[in-house]
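Everything below concerns the one structure shown next.
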Amino acid sequence: MVISVLMVAEKPSIAQTLAEALSPGRNFNTRSGVSPACKVHEYEGDFYGQKAWFKVTSCAGHVYSVDFPPEFNNWDRVDPLTLFEAKVIKAESNPKLRMPKHFQTEAKGCSYLVLWLDCDREGENICFEVMDNVVPMLSSAGGQQQVWRAQFSSLAPVDLKKAMATLGSPNKCLSDSVDCRAELDLKLGCAFTRFQTKYFQGKYGDLDTNLVSYGPCQTPTLWFCVRRHDEINAFQPESYYTVDVKIVKSNRDLFLTWERGQVFDMPVATLFLNAVSEGDAPAKVLDITQKEAKEARPQALNTVAMLKMASSRLGIGPQQAMHMAERLYLDGYMTYPRTETNTYPQNFDLQGAVRAQTGHPHWGTYAQGLLQAGLNRAREGTDMGDHPPITPVRAATEGQLGDGWRLYDMITRHFLATVSKDCKFLQTTVKFDINSEKFTLSGRKVIDPGFTQIQRDGGMDDVTIPDFKVGESIPVSKVSMGSHKTRPPSFLTESDLLSLMEKHGIGTDASMATHINNICERNYVTLADGRKLVPTKLGIALVHGYQMVDNELVIPKVRSNMEKACTLIADGKAETLSVTQHCLRIFREKFIYYVKNVGLVDQLFESIFKSLEASGRPLSRCGVCTRYLSVVDRKPVRMFCKQCDRIFKMPQNGQMKLYKELKCPLDNFELVLVANKVGKSYPICPCCYDDPPFGEKEEQGKHWNLDHPIYKKYRPAVMSCIGEHCPGTLCLDVDSAPKWQIDCNVCMQELLIFGDKAHKVKCTSDLCDGCGSALLEVVFNKAKSPLADGEMERTACLVCDEVFNSLTVSKEGKGFFRRNPGKGKGKGKGKKGKGKGKVMTDEDKAEERGRAIAAGKKK
């Protein structure tokens, strides 16, 4: 009897790698599955002594994401406080991928499930998302264990085969800890973000952000940056003084170091200067010491150390470095890039990892030398019980890796350095006496460069000094007093911030890069030269505002405690429900207190940001008070009336100008023309856009409504959109002459019509008998008319009329034809037939005629 085994990886590329590594002779078939993103690889093999038919497929990250039910997603109707008690649901992360149906279909007829998700908490959580869909569909296995978990750290065939031979079970506790953190982050982040975004956005014109967000990890991350900014501003420089001595030996100028270092009192420094200068005393050699010292080889590389090195040495940000590392892992060039462990396990094949690099053109010779001399024992670090440290799996060149080469080069050199010798050098220190004041001079000579031979920035240069003898007196060439000032600390670099986050338990090795990226994208910090993080006015105001109300909203301790509570769940020492309720109860009280005292934050914002009145520019007149509405061009773009004390939401993309001083017939507001970069423009009424009089309010901003009188007159509907899956309508732009065009009211689809041949184009109320499109009344230029016998006027359909169709192209330059038979004018609600054996309607026949005409033109 042949059993069926379903194996699920985290990404399609890993599924293919699994099939290649585990199928006998790399002999497997590939077919499509229900999901358009995930193939299914099949082969025959052996599963614990039984003949088996293996099906290897994957998901594409998380199958589900945590969210609120739809009724809680309306910012205007839902009090943010209610989010703390709201139920959360798991919705498909990407419905278009159809992952649940994909797994359910492939699981039919299978007896066993083997999970090959990434071996971290997130991967364990995805395991249970897959199990929710697969386990109910599995056939009976006679009471045997049906769900197995593979543990692996690299995609090398030898490691995958080893993992297949040592399958374990999925860990529910690890998965539950992820669910707990996800629910906490969702509820805390959404409650605070919704409240303060709505509160602050309508009040200040230069608050340049669409979202005034709060995050349990994001905000403490920002706090580190703002704290350093405050330290820099509060810094008071102090003057300090040194006694500088220069001597000459062997025709070389040598500068001695004063043993006292520095003094902060100028009169005292002057006394020492006079004492040293008195009598032109020479520098007498008191002692010469030489000792061998060493610089220790680096420890094995974990995620945080890799991100810090990528930022400081390569100038690559943490988010980008993480993406590169994941790509290298998926392509089989390095081990799993998310790990907190920085010591090699006892059973780690260091010899094999070094041997894989012996043929490399850059460091192959060095790797061969390591194997011949014997690998040095790597420095001990901390084993966190997750993945081994980050190491290369196989050799690669720059031509193979492209953008990922620099990171791979850094990781490989670091790995080789960890099993190299320490750098040894001879340190020489000469001690001098000048009128009882002690000075020193130091030099060094490298004995064995060790690991510095392979690390690009680890090189150590010799510092040569002349030979001295004890008792020798050297004339002093110059004595002076140096005056200096203490300097403030510099802004945090990405590397500094990662160290602080790691120290205080903010985020995980996998999420730290995301938190840093978020505070940059939200305009809370900017990235300056040297990859320094400089807080913006908004970032500073938020942190200082939180501190005025409740310091625990920003300090790392609170988030660190949440992470520790989630770890207790992962270790099986706490229940998910109790941890979740405890944390939510604490933050619910903090939220209530924040709402009551948000005026303190507002006072701070008032001193930093401009009011709407001070930052807007007058554009069009209000239909109520007839005063000018002002537009704020910074995001979120909006208009406001100072007299009526009302704010109007506006489109976020495009330039705005007054539209012919025309007024909306519904409310008397002056119309505004919005034009985007690709040439599409449309008029809007600020009042009707903010509070649509037709259709659903939730649809505002998505498209212009065809029932509104301004669009019936200035953007009349012609036909349904030809774009794939677009429900919109193509409308004539009456302002586009002489280069006439038709634009979709939903998507970016544009049709260019008649070239430069038409003098006048009008959309009639008559509809085409063939396809239902509105007929166009066109007057052509006398010298350019395409009509026969010199005719200049014709009323016809763009789709069905051969001449009109030939003069119509999409903005992309493609020939125009109707793609959806039967779709008529309006919002795409045409006369579509359903099922097999459908009889062609007149609309379908007209459609086919249009297609034939377009095809003939292309030929």
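Starting from 1 in every chain, residues are counted up; chains themselves are A, B, ... following the order of the structure tokens, and ligands are numbered from 1 as listed.
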request  = Check the DSSP output for the backbone and give back, as a PyMOL selection string, the residues of segment 16-170 of chain A in strand (DSSP E).
outcome  = chain A and resi 29-32+39-47+50-58+64-67+89-92+112-116+147-149
message = Show me, as a PyMOL selection string, the residues that have an atom within 8 Å of Asn705 of chain A when counting only C-alpha atoms, minus same-chain residues fewer than 3 positions from it.
response = chain A and resi 694-695+708+711+745
Include N, CA and C atoms and write out the residues we just selected as a short mmCIF file (atom, residue, chain, number, x, y, z; two decimals), in the first residue's frame.
data_model
loop_
_atom_site.label_atom_id
_atom_site.label_comp_id
_atom_site.auth_asym_id
_atom_site.auth_seq_id
_atom_site.Cartn_x
_atom_site.Cartn_y
_atom_site.Cartn_z
N PHE A 694 -24.03 60.95 -3.24
CA PHE A 694 -24.50 59.76 -3.95
C PHE A 694 -23.63 58.57 -3.55
N GLY A 695 -24.21 57.40 -3.51
CA GLY A 695 -23.45 56.19 -3.23
C GLY A 695 -23.08 56.08 -1.75
N HIS A 708 -23.38 62.33 -10.15
CA HIS A 708 -23.23 63.73 -9.76
C HIS A 708 -23.34 64.62 -10.99
N TYR A 711 -20.20 65.63 -13.10
CA TYR A 711 -19.57 64.63 -13.96
C TYR A 711 -20.44 64.32 -15.17
N ASN A 745 -13.01 56.36 -14.26
CA ASN A 745 -13.29 57.04 -12.99
C ASN A 745 -12.78 56.25 -11.79
#
inquiry  = Using Å and a single decimal, report how far atom CA of Thr57 of chain A sits from atom CA of Val88 of chain A.
reply    = 28.9 Å
Each segment 449-568 of chain A residue no farther than 7 Å from segment 204-228 of chain A, nearest pair in Å, only C-alpha atoms, as CSV:
residue,atom,partner,partner_atom,distance
A:Phe491,CA,A:Arg228,CA,6.2
A:Leu492,CA,A:Cys225,CA,6.3
A:Ile506,CA,A:Cys217,CA,6.0
A:Gly507,CA,A:Cys217,CA,6.1
A:His515,CA,A:Gln218,CA,5.2
A:Ile519,CA,A:Leu222,CA,6.6
A:Arg522,CA,A:Thr209,CA,6.8
A:Asn523,CA,A:Thr209,CA,6.8
A:Leu533,CA,A:Cys225,CA,6.7
A:Pro535,CA,A:Val226,CA,6.1
A:Ile540,CA,A:Val226,CA,5.9
A:Val543,CA,A:Trp223,CA,6.2
A:Val554,CA,A:Pro220,CA,4.9
A:Ile555,CA,A:Pro220,CA,5.6
A:Pro556,CA,A:Pro220,CA,5.2
A:Arg559,CA,A:Pro216,CA,6.1
For Asn781 of chain A: contacts at 7 Å, only C-alpha atoms, fewer than 3 positions along chain excluded, given as number ranges by chain = A: 757-759, 784-785, 792
Segment 67-84 of chain A surroundings by only C-alpha atoms, 12 Å radius, close-in-sequence under 4 positions cut, as a ChimeraX atom specification = /A:88-93,179,182-199,580-595,697-698
Resulting file, chosen residues, N, CA and C atoms, as a short mmCIF file (atom, residue, chain, number, x, y, z; two decimals), in the first residue's frame:
data_model
loop_
_atom_site.label_atom_id
_atom_site.label_comp_id
_atom_site.auth_asym_id
_atom_site.auth_seq_id
_atom_site.Cartn_x
_atom_site.Cartn_y
_atom_site.Cartn_z
N VAL A 88 -10.97 39.54 18.10
CA VAL A 88 -10.13 39.57 16.91
C VAL A 88 -10.41 38.34 16.08
N ILE A 89 -10.25 38.48 14.81
CA ILE A 89 -10.47 37.36 13.89
C ILE A 89 -9.20 37.13 13.09
N LYS A 90 -9.11 35.95 12.53
CA LYS A 90 -8.01 35.65 11.62
C LYS A 90 -8.57 35.63 10.20
N ALA A 91 -8.16 36.58 9.41
CA ALA A 91 -8.61 36.68 8.03
C ALA A 91 -7.47 36.27 7.10
N GLU A 92 -7.81 35.84 5.92
CA GLU A 92 -6.78 35.45 4.95
C GLU A 92 -5.85 36.64 4.70
N SER A 93 -4.55 36.40 4.79
CA SER A 93 -3.59 37.47 4.55
C SER A 93 -3.69 38.01 3.14
N ASP A 179 0.49 34.53 18.67
CA ASP A 179 -0.89 35.03 18.65
C ASP A 179 -1.12 36.08 19.73
N ALA A 182 0.60 39.32 18.66
CA ALA A 182 -0.11 39.92 17.54
C ALA A 182 -1.38 40.63 18.01
N GLU A 183 -2.13 40.02 18.93
CA GLU A 183 -3.35 40.64 19.43
C GLU A 183 -3.04 41.90 20.23
N LEU A 184 -2.01 41.84 21.06
CA LEU A 184 -1.63 43.01 21.85
C LEU A 184 -1.19 44.16 20.95
N ASP A 185 -0.33 43.86 19.98
CA ASP A 185 0.16 44.91 19.08
C ASP A 185 -0.97 45.52 18.28
N LEU A 186 -1.91 44.69 17.82
CA LEU A 186 -3.05 45.19 17.05
C LEU A 186 -3.90 46.13 17.88
N LYS A 187 -4.29 45.71 19.07
CA LYS A 187 -5.23 46.50 19.87
C LYS A 187 -4.58 47.76 20.42
N LEU A 188 -3.37 47.64 20.94
CA LEU A 188 -2.71 48.84 21.48
C LEU A 188 -2.39 49.82 20.37
N GLY A 189 -1.81 49.31 19.28
CA GLY A 189 -1.42 50.18 18.19
C GLY A 189 -2.61 50.89 17.57
N CYS A 190 -3.68 50.15 17.30
CA CYS A 190 -4.85 50.74 16.64
C CYS A 190 -5.56 51.75 17.55
N ALA A 191 -5.71 51.43 18.82
CA ALA A 191 -6.43 52.33 19.72
C ALA A 191 -5.72 53.68 19.82
N PHE A 192 -4.43 53.67 20.13
CA PHE A 192 -3.69 54.92 20.27
C PHE A 192 -3.55 55.64 18.92
N THR A 193 -3.27 54.88 17.86
CA THR A 193 -3.05 55.49 16.55
C THR A 193 -4.31 56.17 16.04
N ARG A 194 -5.45 55.50 16.14
CA ARG A 194 -6.70 56.10 15.65
C ARG A 194 -7.04 57.36 16.42
N PHE A 195 -6.90 57.30 17.73
CA PHE A 195 -7.27 58.47 18.54
C PHE A 195 -6.38 59.67 18.21
N GLN A 196 -5.06 59.49 18.26
CA GLN A 196 -4.21 60.66 18.11
C GLN A 196 -4.11 61.13 16.65
N THR A 197 -4.31 60.23 15.70
CA THR A 197 -4.33 60.67 14.30
C THR A 197 -5.52 61.60 14.06
N LYS A 198 -6.70 61.18 14.50
CA LYS A 198 -7.89 62.02 14.32
C LYS A 198 -7.80 63.31 15.12
N TYR A 199 -7.18 63.25 16.29
CA TYR A 199 -7.10 64.42 17.16
C TYR A 199 -6.15 65.48 16.60
N THR A 580 -2.73 37.89 27.95
CA THR A 580 -3.37 38.88 27.07
C THR A 580 -4.26 39.81 27.88
N GLN A 581 -5.09 39.25 28.74
CA GLN A 581 -6.01 40.08 29.53
C GLN A 581 -5.26 41.00 30.48
N HIS A 582 -4.18 40.51 31.07
CA HIS A 582 -3.40 41.32 32.01
C HIS A 582 -2.80 42.53 31.29
N CYS A 583 -2.17 42.30 30.14
CA CYS A 583 -1.53 43.41 29.41
C CYS A 583 -2.57 44.40 28.88
N LEU A 584 -3.69 43.89 28.39
CA LEU A 584 -4.73 44.78 27.87
C LEU A 584 -5.34 45.62 28.97
N ARG A 585 -5.50 45.04 30.15
CA ARG A 585 -6.07 45.78 31.27
C ARG A 585 -5.17 46.95 31.65
N ILE A 586 -3.87 46.73 31.68
CA ILE A 586 -2.93 47.80 32.01
C ILE A 586 -3.00 48.92 30.99
N PHE A 587 -2.96 48.57 29.70
CA PHE A 587 -2.92 49.59 28.66
C PHE A 587 -4.27 50.25 28.44
N ARG A 588 -5.35 49.58 28.78
CA ARG A 588 -6.65 50.23 28.67
C ARG A 588 -6.73 51.41 29.64
N GLU A 589 -6.24 51.21 30.86
CA GLU A 589 -6.23 52.30 31.84
C GLU A 589 -5.30 53.42 31.39
N LYS A 590 -4.18 53.06 30.79
CA LYS A 590 -3.25 54.06 30.30
C LYS A 590 -3.88 54.85 29.15
N PHE A 591 -4.64 54.18 28.30
CA PHE A 591 -5.30 54.85 27.18
C PHE A 591 -6.33 55.86 27.69
N ILE A 592 -7.13 55.45 28.66
CA ILE A 592 -8.14 56.35 29.22
C ILE A 592 -7.47 57.59 29.82
N TYR A 593 -6.38 57.39 30.53
CA TYR A 593 -5.66 58.52 31.14
C TYR A 593 -5.05 59.41 30.06
N TYR A 594 -4.56 58.80 28.98
CA TYR A 594 -3.96 59.58 27.89
C TYR A 594 -5.02 60.45 27.21
N VAL A 595 -6.19 59.89 26.97
CA VAL A 595 -7.27 60.65 26.33
C VAL A 595 -7.68 61.85 27.19
N LYS A 697 -20.71 56.24 1.59
CA LYS A 697 -19.67 57.13 2.11
C LYS A 697 -18.31 56.45 2.10
N GLU A 698 -18.33 55.11 2.29
CA GLU A 698 -17.08 54.37 2.33
C GLU A 698 -16.34 54.42 0.99
#
ask   = Residues of segment 631-841 of chain A in helix (DSSP H, G or I) according to DSSP, as a ChimeraX atom specification?
value = /A:686-690,697-699,709-714,788-790,802-806
remark   = atom CA of Glu292 of chain A sits from atom CA of Pro449 of chain A at a separation of 13.0 Å
query = Residues at most 9 Å from Cys644 of chain A, counting only C-alpha atoms, excluding those fewer than 6 positions away in the same chain, as a ChimeraX atom specification?
reply = /A:622,624-625
ask   = Counting only C-alpha atoms, which of A:Asp118, A:Asp253, A:Asp766, A:Asp467 gets nearest to Ile288 of chain A?
value = A:Asp467
key: For Ala310 of chain A: contacts at 10 Å, only C-alpha atoms, fewer than 4 positions along chain excluded, given as a list in words   = Val304, Ala305, Met306, Leu314, Gly315, Ile316, Gly317, Pro318, Gln320, Ala321, Met322, Arg406, Leu407, Met410, Ile411, Glu494 and Ser495 of chain A
query = Please, what distance in Å, to one decimal, runs between atom CA of Lys424 of chain A and atom CA of Glu380 of chain A?
reply = 19.3 Å
request  = Rank A:Arg313, A:Leu767, A:Gln299, A:Asp509 by their smallest atom-to-atom distance to Ser420 of chain A, using only C-alpha atoms, and report the top residue only.
outcome  =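 Nearest candidate to Ser420 of chain A out of A:Arg313, A:Leu767, A:Gln299, A:Asp509: A:Gln299.
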ask   = Pick from A:Ala234, A:Met164, A:Val430, A:Cys688: nearest to Val285 of chain A, with only C-alpha atoms counted?
value = A:Val430
key: Nearest-residue call for Ser773 of chain A, choices A:Glu791, A:His360, A:Leu401, A:Leu730, using only C-alpha atoms   =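 When distances to Ser773 of chain A are compared using only C-alpha atoms, the smallest one comes from A:Leu730.
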Long-range neighbours of segment 439-445 of chain A as a list in words, 8 Å cut-off, only C-alpha atoms, 4 positions minimum in chain = Phe255, Leu256, Thr257, Trp258, Glu259, Phe425, Leu426, Gln427, Thr428, Thr429, Val430, Lys431, Phe432, Asp433, Ile434, Asp461, Asp462, Val463, Thr464 and Ile465 of chain A
Would you mind exporting the chosen residues as a PDB file, in the first residue's frame, restricted to N, CA and C atoms?
ATOM      1  N   PHE A 255      55.557  62.561  19.993  1.00  0.00           N
ATOM      2  CA  PHE A 255      54.688  63.291  20.920  1.00  0.00           C
ATOM      3  C   PHE A 255      54.344  62.376  22.093  1.00  0.00           C
ATOM      4  N   LEU A 256      54.700  62.839  23.293  1.00  0.00           N
ATOM      5  CA  LEU A 256      54.502  62.045  24.500  1.00  0.00           C
ATOM      6  C   LEU A 256      53.107  62.269  25.076  1.00  0.00           C
ATOM      7  N   THR A 257      52.628  61.258  25.787  1.00  0.00           N
ATOM      8  CA  THR A 257      51.306  61.313  26.421  1.00  0.00           C
ATOM      9  C   THR A 257      51.468  61.568  27.910  1.00  0.00           C
ATOM     10  N   TRP A 258      50.803  62.593  28.397  1.00  0.00           N
ATOM     11  CA  TRP A 258      50.874  62.971  29.816  1.00  0.00           C
ATOM     12  C   TRP A 258      50.074  61.954  30.638  1.00  0.00           C
ATOM     13  N   GLU A 259      50.697  61.423  31.691  1.00  0.00           N
ATOM     14  CA  GLU A 259      50.032  60.393  32.480  1.00  0.00           C
ATOM     15  C   GLU A 259      48.801  60.911  33.204  1.00  0.00           C
ATOM     16  N   PHE A 425      50.337  40.702  18.941  1.00  0.00           N
ATOM     17  CA  PHE A 425      51.265  41.789  18.670  1.00  0.00           C
ATOM     18  C   PHE A 425      52.085  42.087  19.923  1.00  0.00           C
ATOM     19  N   LEU A 426      53.254  42.696  19.721  1.00  0.00           N
ATOM     20  CA  LEU A 426      54.158  43.063  20.820  1.00  0.00           C
ATOM     21  C   LEU A 426      53.953  44.531  21.143  1.00  0.00           C
ATOM     22  N   GLN A 427      53.536  44.793  22.383  1.00  0.00           N
ATOM     23  CA  GLN A 427      53.260  46.159  22.822  1.00  0.00           C
ATOM     24  C   GLN A 427      54.473  46.691  23.577  1.00  0.00           C
ATOM     25  N   THR A 428      55.003  47.830  23.152  1.00  0.00           N
ATOM     26  CA  THR A 428      56.160  48.456  23.802  1.00  0.00           C
ATOM     27  C   THR A 428      55.733  49.787  24.411  1.00  0.00           C
ATOM     28  N   THR A 429      56.042  49.990  25.690  1.00  0.00           N
ATOM     29  CA  THR A 429      55.703  51.238  26.376  1.00  0.00           C
ATOM     30  C   THR A 429      56.968  51.810  27.023  1.00  0.00           C
ATOM     31  N   VAL A 430      57.284  53.051  26.676  1.00  0.00           N
ATOM     32  CA  VAL A 430      58.444  53.742  27.237  1.00  0.00           C
ATOM     33  C   VAL A 430      57.927  54.830  28.177  1.00  0.00           C
ATOM     34  N   LYS A 431      58.422  54.831  29.441  1.00  0.00           N
ATOM     35  CA  LYS A 431      57.994  55.814  30.429  1.00  0.00           C
ATOM     36  C   LYS A 431      59.099  56.851  30.615  1.00  0.00           C
ATOM     37  N   PHE A 432      58.696  58.158  30.578  1.00  0.00           N
ATOM     38  CA  PHE A 432      59.649  59.266  30.704  1.00  0.00           C
ATOM     39  C   PHE A 432      59.331  60.081  31.955  1.00  0.00           C
ATOM     40  N   ASP A 433      60.380  60.759  32.444  1.00  0.00           N
ATOM     41  CA  ASP A 433      60.232  61.697  33.559  1.00  0.00           C
ATOM     42  C   ASP A 433      60.791  63.046  33.140  1.00  0.00           C
ATOM     43  N   ILE A 434      59.958  64.115  33.325  1.00  0.00           N
ATOM     44  CA  ILE A 434      60.424  65.472  33.055  1.00  0.00           C
ATOM     45  C   ILE A 434      60.075  66.297  34.283  1.00  0.00           C
ATOM     46  N   ASP A 461      47.992  47.777  11.928  1.00  0.00           N
ATOM     47  CA  ASP A 461      49.271  48.275  11.425  1.00  0.00           C
ATOM     48  C   ASP A 461      50.287  48.355  12.548  1.00  0.00           C
ATOM     49  N   ASP A 462      51.557  48.228  12.176  1.00  0.00           N
ATOM     50  CA  ASP A 462      52.638  48.423  13.140  1.00  0.00           C
ATOM     51  C   ASP A 462      52.767  49.908  13.471  1.00  0.00           C
ATOM     52  N   VAL A 463      53.080  50.180  14.725  1.00  0.00           N
ATOM     53  CA  VAL A 463      53.386  51.549  15.157  1.00  0.00           C
ATOM     54  C   VAL A 463      54.825  51.500  15.663  1.00  0.00           C
ATOM     55  N   THR A 464      55.747  51.960  14.834  1.00  0.00           N
ATOM     56  CA  THR A 464      57.171  51.848  15.171  1.00  0.00           C
ATOM     57  C   THR A 464      57.636  53.057  15.960  1.00  0.00           C
ATOM     58  N   ILE A 465      58.500  52.793  16.935  1.00  0.00           N
ATOM     59  CA  ILE A 465      59.139  53.866  17.696  1.00  0.00           C
ATOM     60  C   ILE A 465      60.633  53.554  17.753  1.00  0.00           C
TER      61      ILE A 465
END
message = Measuring between only C-alpha atoms, which one of A:Leu6, A:Val534, A:Ala52, A:Ala574 shows the shortest distance to Val114 of chain A?
response = A:Leu6
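The closest residue to Ile126 of chain A, picked from A:Arg98, A:Lys11, A:Arg617, A:Arg638 and counting only C-alpha atoms, is A:Lys11.
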